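Below you'll find the structure, written out as structure tokens, and then a few comments.
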Amino acid sequence: MNFGFTEEQQFLRDSVRKFLDERASIPHVRNWIESDPGMSLEFWRELAELGWLGLTIPETHGGAGLGWVELTVLFEETGRSLLPSPLLSTTLASTAILDHGTPDQRSRWLPSLADGSRVGSIAILEPSDHLVPSALQARGEADGSHWRIHGEKSFICDIDRADFFVTAFRTGENDEEISLAIVDRGAPGVHTEKVPCLDSTKSMGRLKLDGVQIAPEAMLGAPHQAWPAVERLMDQGAVAATAEAVGSAEAVLAITVQYAKDRVQFGQPIGHFQGVKHPLAEMHVDIESIKSLLYYAAWSLEGSPAETPRYSSLAKLYASDAFTRIGVDCVQLHGAVGYTMEYDAQLYLKRSKWFRPMFGDADHHADRLAALRGLR
Amino acid sequence: MNFGFTEEQQFLRDSVRKFLDERASIPHVRNWIESDPGMSLEFWRELAELGWLGLTIPETHGGAGLGWVELTVLFEETGRSLLPSPLLSTTLASTAILDHGTPDQRSRWLPSLADGSRVGSIAILEPSDHLVPSALQARGEADGSHWRIHGEKSFICDIDRADFFVTAFRTGENDEEISLAIVDRGAPGVHTEKVPCLDSTKSMGRLKLDGVQIAPEAMLGAPHQAWPAVERLMDQGAVAATAEAVGSAEAVLAITVQYAKDRVQFGQPIGHFQGVKHPLAEMHVDIESIKSLLYYAAWSLEGSPAETPRYSSLAKLYASDAFTRIGVDCVQLHGAVGYTMEYDAQLYLKRSKWFRPMFGDADHHADRLAALRGLR
Amino acid sequence: MNFDLSPDETAFRSEVRRFLDKHLPDDASHEDPDFLESWHAALREKRWIGFAWPEEDGGAAGTLMEQFILKQEMATRNAPPLGSDFMGLTWVGPALIAHGTPEQKARFLPDLLAGTSSWCTGYSEPDHGSDLASLQCRAVLEGDEYRVTGQKIWTTLAHEAKWIYMMVRTDPDARKYRGITCLLVPMNSPGIEVRPIPNLSGVTSFNQVFFDNVRVPVDNRLGEEGQGWLVTMAALANERIGISESTEKSDHLDRLIELARTAQRKGKPASADPTVRRRLARFEARIEAMRLNELRHLSARLEGSAPSSETSLNKLLRGELEFEMSELSLEILGTAGLEEGPWQRAALNWHGTIIGGGSPNIQRNIVAERILGLPKD
Amino acid sequence: MNFDLSPDETAFRSEVRRFLDKHLPDDASHEDPDFLESWHAALREKRWIGFAWPEEDGGAAGTLMEQFILKQEMATRNAPPLGSDFMGLTWVGPALIAHGTPEQKARFLPDLLAGTSSWCTGYSEPDHGSDLASLQCRAVLEGDEYRVTGQKIWTTLAHEAKWIYMMVRTDPDARKYRGITCLLVPMNSPGIEVRPIPNLSGVTSFNQVFFDNVRVPVDNRLGEEGQGWLVTMAALANERIGISESTEKSDHLDRLIELARTAQRKGKPASADPTVRRRLARFEARIEAMRLNELRHLSARLEGSAPSSETSLNKLLRGELEFEMSELSLEILGTAGLEEGPWQRAALNWHGTIIGGGSPNIQRNIVAERILGLPKD
């Protein structure tokens with residue numbers, strides 16, 4: 001038993017960090033999000049060359065063949081930099097194809113995802129925002145060997161960057177008769193709309209599906225039986241987003257600790273006052289606790305899948321509560337300057353707002369944990 | 001419009017305070033609660049002579065003919081002293097008779113309550129602890145012009161001190177067909193049982209009613225229609241208990257502020273540290289806010305009865321949350337000595353535990369306020 | 001204790017209501033210049049723009065209780081403010097009335113009442129946010145002019161104002177509050193530069209203001225040299241009735257309740273969730289406590305007690321409410337809460353309103369030290 | 001990262017499970033002296049009472065990982081502690097092993113392992129609760145005896161112990177930690193007086209201990225004069241695996257969930273209220289975080305890192321959990337929560353467990369200063 005990172009994992013973290021510090025510092029990020037398309041396409045190609053886009057894709061398909069613990073390391077570091085990129089979306093899309101695709105589908109999609117020539121995303125939620133089978137109303141009608149999807153998908157990350165969407169839709173009358181398919185962005189009947197997001201380092205939008213035709217080779221897994229795959233995909237999303245949140249929270253804590261050491265008021269660095277230092281201490285307690293839950297959840301994805309629902313919910317629940325508080329407190333502890341565009345704390349505050357509802361909010365995960373205990 | 005106390009009210013407060021400081025300081029209270037019957041009967045007689053037992057009883061019935069604002073002043077001060085006595089119970093009993101009794105009932109009961117020769121209490125709740133009509137299961141069967149009550153009443157204050165109980169019971173099939181009657185402690189079929197209470201300055205117990213006969217002249221108000229009277233009685237109880245809580249909270253805050261000024265650690269009075277002074281500041285904010293709500297609620301009982309349900313709930317809700325926190329924080333801020341029998345903070349902690357559920361806990365009042373807003 | 005109005009108070013309330021019935025149409029827009037012009041004209045006629053000011057200074061000499069009744073009725077009807085120049089009416093007018101020369105009053109008060117002035121106030125400086133005693137913006141008297149050099153920060157609306165009411169240090173050797181002087185300076189004076197400070201949503205209301213050897217005639221000094229602190233405290237003591245904050249939070253709660261009633265959350269109206277309902281009830285308790293705290297404070301003032309630190313109580317309550325209420329709105333919206341919208345903007349922008357009155361930690365210190373008597377930091 | 005056990009670790013876990021199957025009946029009572037005697041006899045035979053001690057000192061030389069596995073299996077099965085003399089085994093044994101003379105080891109260790117000793121420890125003094133460097137209890141060497149005069153406070157179980165392991169000041173001029181010496185003193189020595197300190201429920205586990213010219217042979221000094229601080233730090237460094245706290249909170253949560261399932265609240269099972277369910281889920285998240293924090297800390301220790309201030313994290317989490325969980329239990333019980341009972345007693349008595357490890361503010365200072373590098377108070 002070992003709860004530590006291996007030397008290889010530590011090396012991965014160090015090299016990611018070094019690269020991001022040099023090439024994607026906050027001034028870079030501010031430049032990117034202030035211009036179109038809100039990220040650097042050139043930087044994205046470099047990420048592909050570094051192998052980060054295919055970290056968990058098997059080597060036979062052009063990836064690095066690593067696992068979710070390594071992905072967690074990567075997302076912690078991109079979260080620390082608030083890196084604007086479709087990394088999370090395309091990773092979830094490749095994970096869905098890896099976990100549920102046929103050998104043909106894997107061969108067809110994974111190499112282009114690993115080398116960055118294609119970007120994927122996932123389209124699960126609908127305007128109702130409820131993460132239960134009955135809330136998925138997008139409907140697939142059988143049309144010979146094909147399906148035709150009518151419906152609307154909301155809250156899709158990187159809507160403007162993805163070439164295709166792993167999409168969940170209803171194919172039967174019973175609540176859990178859900179199917180998954182790959183929907184090409186350019187297919188007839190697909191309409192995308194970008195929606196301005198409170199966090200400019202993230203890109204969001206919605207999808208309208210007007211009788212979009214799905215060929216059998218675009219279906220992921222057996223029809224009608226994809227709800228467990230949807231749940232696992234949302235758990236994977238929760239783990240990846242929580243890893244980003246841990247990095248972001250550590251970064252804004254570090255910024256605020258430094259500010260508390262430097263800023264002098266009434267003849268003392270403000271970090272001298274318990275009214276400042278104690279909230280910072282509580283943030284550290286929370287971040288370390290989230291890390292413990294997160295690392296176990298990430299390990300469980302491959303090491304103990306039956307435990308993943310519980311641990312991804314524990315991690316996301318704790319992180320949703322804590323990062324919200326951390327984002328607000330760090331801005332507040334800066335005093336008036338925290339509220340200005342010029343200081344960086346506000347960028348993390350906005351990220352904390354983005355993070356909270358994504359892949360299930362605190363109440364969703366709390367209710368799920370209670371249900372796992374037989375309480376309802 | 002004036003939110004201040006009159007000179008007379010201020011004089012009442014000063015004289016109550018002076019008397020209690022001299023005659024019922026915390027060492028006195030500790031002596032009383034460590035011996036049987038947990039209070040001083042001699043002191044009780046003195047209270048009667050001072051006129052405190054009949055503060056709101058009309059002068060024609062031997063009382064002082066004052067109102068709920070004066071009662072609030074009195075309860076704040078007895079709460080500050082943690083005075084062990086059936087003052088709250090007997091006041092509620094006399095209030096019920098005053099508000100709902102016939103002239104004959106008033107003449108019969110009020111003088112003996114004002115002069116302390118009789119003590120009353122109220123018996124509303126049952127073991128289910130739910131403050132809705134349907135939860136009152138004690139049942140009165142018509143027996144000629146009399147009623148016979150069968151049932152059980154719980155959480156009765158001063159069970160061992162009261163000579164009679166203003167009791168609510170069901171007299172019809174519909175939920176709200178509730179009646180109120182005066183049940184004599186010595187009547188056949190009445191069984192009282194004292195239950196040890198976590199706060200030794202309070203006395204609690206339960207009542208078993210085994211076919212207790214109620215004569216028409218013991219019925220308070222019209223049969224079947226007493227639910228509004230029960231609600232008002234509980235609102236009056238909430239106001240009186242919140243007044244006690246305000247006094248107790250102020251007292252334990254004062255003790256803790258003094259401790260924070262005197263206790264030196266690492267070369268500083270601990271009150272110098274924001275980790276100590278800020279929680280104390282928050283307590284002051286909460287206590288003052290509860291006072292504002294409480295005084296308005298107390299005034300409304302006579303000045304604007306339609307507003308009483310809302311304001312008694314606002315005050316009790318805020319106070320239930322805040323006094324709980326104040327009790328715990330004051331013990332904690334004392335460090336290890338706060339946890340010992342010797343220091344006084346723990347006495348107030350226990351009172352805060354007693355206060356929270358009495359006359360409706362925070363959730364009860366929050367749900368009621370939401371319902372008043374049409375939310376359910 | 002009596003919350004009924006006296007006959008005089010009732011009569012005044014009726015007068016206010018009649019005024020509002022007449023001059024405030026139900027569909028009035030706070031952005032409509034025609035409406036605002038007629039609204040201000042009617043107020044001017046009533047002398048209500050300087051409602052609490054002495055009659056000889058153009059005011060109505062309104063009592064504290066009348067101010068309270070006026071503000072409450074206006075808040076209930078969502079009336080626009082009494083005048084257009086908030087900073088000027090709130091800070092500059094009272095200071096002029098208390099300490100201005102007859103010439104200064106004649107020069108500045110009519111514009112304030114006519115709504116043609118626009119003032120900003122220069123207190124805070126970089127590195128001395130909450131610590132006014134240590135301010136450093138320097139003014140040196142040369143002949144009949146001061147030369148002002150230094151910086152001010154967090155100067156609300158400086159980018160739009162015509163005048164600044166500012167505190168400067170005229171005696172660097174005097175300790176703390178002594179050696180501070182009050183000047184009234186045209187914003188178009190040579191040597192003044194304004195740099196807007198966009199907030200986290202990109203909106204500008206704060207500015208940094210640089211003074212480089214700015215010449216200010218000695219006639220523009222308010223009060224004596226070295227008395228700047230007293231002058232400003234006098235303006236502060238001329239207390240406003242702080243009803244606006246609890247009314248504003250109460251409106252906020254009404255909108256939040258409406259959101260909870262209508263927004264679907266997890267397949268049901270958000271208000272179907274007892275967690276949501278109880279949070280709303282707790283907001284109500286604290287907002288109502290704020291309102292009644294204000295009333296108690298007003299009562300004490302009417303009885304003749306001095307302004308006290310008790311105003312810090314509501315600032316602390318407000319800060320927590322701003323945070324918790326905006327969080328609940330986003331939680332109710334769910335994932336839609338991260339798309340742009342009015343609730344979302346409000347959830348980012350409340351931070352500035354808290355900082356305005358000094359950070360929560362400063363307020364806690366005030367309560368702990370001034371009210372509870374605990375040791376200073 | 002790998003949470004599977006290695007083959008060696010699996011084998012050891014099986015050994016522990018077999019031992020527990022054999023020696024810990026399902027119906028074993030921790031109060032039954034016959035059971036406890038056979039339990040301790042079996043442990044002695046295994047040499048597991050001093051599980052981590054060197055073999056030459058009568059221990060089993062168990063590794064950190066084995067300690068963890070042993071504690072975890074014992075906690076899962078609700079086994080009684082490894083020995084009866086908790087303070088002696090935890091503090092005195094490790095200090096003796098590190099710094100005792102061969103004669104001292106021979107004199108004290110066998111009794112510790114046999115379960116015939118009972119030790120208390122004297123660190124805190126009045127007015128110096130958390131600040132050991134300033135301790136004042138004085139020992140003066142006269143010939144071959146120390147004369148000890150002073151006080152100790154919060155001395156757990158002093159009213160039952162036969163010996164006290166205590167820190168005294170032997171050099172009043174030496175600064176801070178220097179000048180402190182460690183003595184082993186029989187509690188029946190003339191001049192020792194024990195005054196119990198009842199807690200708020202009337203239960204005594206803490207005491208004040210007075211020393212009036214108590215004679216202690218110099219042979220009873222552990223380590224050299226002036227090295228008392230080092231001796232005690234050595235015992236501290238011989239770290240225990242802190243699994244008990246999260247296991248205890250986890251048991252607490254199980255009982256609380258059972259209460260929520262069975263207790264009626266407002267006419268329904270308490271667990272039917274989503275507010276209650278979500279609070280329980282949040283407790284679960286923090287308790288599981290505590291368990292995994294311990295595991296991460298253990299992993300780091302196994303990799304050779306020094307003991308760190310990270311243990312303060314779980315102390316803070318625990319403090320908040322104690323409060324919030326006990327409050328929820330009382331809220332579920334409703335008015336019945338103010339009658340006497342086990343939940344009610346627990347809701348009063350948790351305060352002492354928090355104070356034990358230093359107040360929450362001290363823990364926050366440790367995290368802020370030692371981990372985040374913020375300025376000291």
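Every chain in the structure tokens takes a letter, A first, then B, and so on in the order presented; its residues are numbered from 1, and the ligands are numbered from 1 following the presented order.
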**OP:** Counting only C-alpha atoms, collect the residues of chain B whose closest atom lies at most 8 Å from chain A, and write them out as a list in words.
**Re:**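 Those within range of chain A come out as Phe273, Gln274, Gly275 and His278 of chain B.
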**OP:** Fewer than 3 positions away in the same chain doesn't count, so skip those; otherwise give me all residues within 9 Å of Phe359 (chain B), counting only C-alpha atoms, as a VMD selection string.
**Re:** (chain B and resid 131 234 to 238 241 316 355 to 356) or (chain D and resid 335)
Only N, CA and C atoms, please: the residues just picked out, written as a PDB file, in the first residue's frame.
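Saved result, out-v1.pdb, follows:
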```
ATOM      1  N   LEU B 131     -45.140  20.069  16.866  1.00  0.00           N
ATOM      2  CA  LEU B 131     -46.027  21.155  17.252  1.00  0.00           C
ATOM      3  C   LEU B 131     -47.063  21.438  16.172  1.00  0.00           C
ATOM      4  N   MET B 234     -47.694  29.095  22.725  1.00  0.00           N
ATOM      5  CA  MET B 234     -46.339  28.698  22.334  1.00  0.00           C
ATOM      6  C   MET B 234     -45.538  29.915  21.875  1.00  0.00           C
ATOM      7  N   ASP B 235     -46.198  30.866  21.211  1.00  0.00           N
ATOM      8  CA  ASP B 235     -45.499  32.103  20.831  1.00  0.00           C
ATOM      9  C   ASP B 235     -45.082  32.879  22.081  1.00  0.00           C
ATOM     10  N   GLN B 236     -45.989  32.931  23.068  1.00  0.00           N
ATOM     11  CA  GLN B 236     -45.644  33.620  24.314  1.00  0.00           C
ATOM     12  C   GLN B 236     -44.478  32.905  24.998  1.00  0.00           C
ATOM     13  N   GLY B 237     -44.525  31.568  24.959  1.00  0.00           N
ATOM     14  CA  GLY B 237     -43.401  30.803  25.527  1.00  0.00           C
ATOM     15  C   GLY B 237     -42.107  31.086  24.786  1.00  0.00           C
ATOM     16  N   ALA B 238     -42.192  31.171  23.458  1.00  0.00           N
ATOM     17  CA  ALA B 238     -40.977  31.448  22.667  1.00  0.00           C
ATOM     18  C   ALA B 238     -40.413  32.817  23.019  1.00  0.00           C
ATOM     19  N   ALA B 241     -38.898  32.605  26.613  1.00  0.00           N
ATOM     20  CA  ALA B 241     -37.663  31.813  26.636  1.00  0.00           C
ATOM     21  C   ALA B 241     -36.547  32.553  25.896  1.00  0.00           C
ATOM     22  N   LYS B 316     -37.073  33.476  17.730  1.00  0.00           N
ATOM     23  CA  LYS B 316     -36.686  32.155  18.245  1.00  0.00           C
ATOM     24  C   LYS B 316     -35.735  31.455  17.273  1.00  0.00           C
ATOM     25  N   PHE B 355     -32.496  25.586  25.835  1.00  0.00           N
ATOM     26  CA  PHE B 355     -33.271  26.591  25.104  1.00  0.00           C
ATOM     27  C   PHE B 355     -33.605  26.170  23.679  1.00  0.00           C
ATOM     28  N   ARG B 356     -32.636  25.556  23.025  1.00  0.00           N
ATOM     29  CA  ARG B 356     -32.795  25.358  21.586  1.00  0.00           C
ATOM     30  C   ARG B 356     -34.104  24.703  21.162  1.00  0.00           C
TER      31      ARG B 356
ATOM     32  N   THR D 335     -36.920  17.958  21.514  1.00  0.00           N
ATOM     33  CA  THR D 335     -37.043  18.313  22.928  1.00  0.00           C
ATOM     34  C   THR D 335     -36.508  17.196  23.827  1.00  0.00           C
TER      35      THR D 335
END
```
Subject >> Nearby residues (only C-alpha atoms) at most 9 Å from region 74-88 of chain B, same-chain spacing under 6 positions excluded, as a ChimeraX atom specification >> reply: /B:12-13,16-17,20-21,24-26,29,32-33,38-41,44,52-53,55,119-121,157-158,161-162,200-203,237,240-252,347-348,351
**OP:** Compile the contact shell of Gly62 (chain A) as a count of residues only: residues with an atom at most 6 Å away, counting only C-alpha atoms, same-chain residues fewer than 2 positions apart removed.
**Re:** 3
**OP:** Select residues of chain D: the criterion is any atom within 6 Å of an atom of chain B, counting only C-alpha atoms; output as a ChimeraX atom specification.
**Re:** /D:198-200,266,334-335,338-340,355
Original post:
What does the distance between CA of Trp53 (chain D) and CA of Ser14 (chain D) come to in Å, to one decimal place?
Top reply: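 So the two atoms, CA of Trp53 (chain D) and CA of Ser14 (chain D), lie 21.5 Å apart.
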Pull out every residue of chain D sitting within 12 Å of chain C, counting only C-alpha atoms, and send them as a PDB file with N, CA, C and O atoms, in the first residue's frame.
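Below is the file that was written, part.pdb:
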```pdb
ATOM      1  N   ALA D 272     -35.793  11.375   6.719  1.00  0.00           N
ATOM      2  CA  ALA D 272     -36.638  11.777   5.594  1.00  0.00           C
ATOM      3  C   ALA D 272     -36.405  13.245   5.237  1.00  0.00           C
ATOM      4  O   ALA D 272     -36.846  13.722   4.196  1.00  0.00           O
ATOM      5  N   ASP D 273     -35.702  13.963   6.112  1.00  0.00           N
ATOM      6  CA  ASP D 273     -35.447  15.395   5.884  1.00  0.00           C
ATOM      7  C   ASP D 273     -34.125  15.551   5.128  1.00  0.00           C
ATOM      8  O   ASP D 273     -33.076  15.147   5.613  1.00  0.00           O
ATOM      9  N   PRO D 274     -34.180  16.139   3.916  1.00  0.00           N
ATOM     10  CA  PRO D 274     -32.925  16.243   3.140  1.00  0.00           C
ATOM     11  C   PRO D 274     -31.855  17.070   3.846  1.00  0.00           C
ATOM     12  O   PRO D 274     -30.662  16.851   3.637  1.00  0.00           O
ATOM     13  N   THR D 275     -32.278  18.014   4.688  1.00  0.00           N
ATOM     14  CA  THR D 275     -31.287  18.777   5.451  1.00  0.00           C
ATOM     15  C   THR D 275     -30.441  17.829   6.289  1.00  0.00           C
ATOM     16  O   THR D 275     -29.213  17.956   6.352  1.00  0.00           O
ATOM     17  N   VAL D 276     -31.115  16.889   6.945  1.00  0.00           N
ATOM     18  CA  VAL D 276     -30.408  15.924   7.802  1.00  0.00           C
ATOM     19  C   VAL D 276     -29.511  15.032   6.950  1.00  0.00           C
ATOM     20  O   VAL D 276     -28.336  14.824   7.262  1.00  0.00           O
ATOM     21  N   ARG D 277     -30.044  14.527   5.841  1.00  0.00           N
ATOM     22  CA  ARG D 277     -29.254  13.618   5.003  1.00  0.00           C
ATOM     23  C   ARG D 277     -27.995  14.306   4.479  1.00  0.00           C
ATOM     24  O   ARG D 277     -26.920  13.707   4.424  1.00  0.00           O
ATOM     25  N   ARG D 278     -28.143  15.554   4.078  1.00  0.00           N
ATOM     26  CA  ARG D 278     -26.971  16.239   3.511  1.00  0.00           C
ATOM     27  C   ARG D 278     -25.935  16.556   4.578  1.00  0.00           C
ATOM     28  O   ARG D 278     -24.738  16.545   4.301  1.00  0.00           O
ATOM     29  N   ARG D 279     -26.404  16.845   5.778  1.00  0.00           N
ATOM     30  CA  ARG D 279     -25.416  17.058   6.843  1.00  0.00           C
ATOM     31  C   ARG D 279     -24.658  15.764   7.108  1.00  0.00           C
ATOM     32  O   ARG D 279     -23.433  15.784   7.308  1.00  0.00           O
ATOM     33  N   ASP D 377       2.374  35.038  15.909  1.00  0.00           N
ATOM     34  CA  ASP D 377       1.585  35.980  16.712  1.00  0.00           C
ATOM     35  C   ASP D 377       2.495  36.956  17.451  1.00  0.00           C
ATOM     36  O   ASP D 377       3.498  36.555  18.011  1.00  0.00           O
TER      37      ASP D 377
END
```
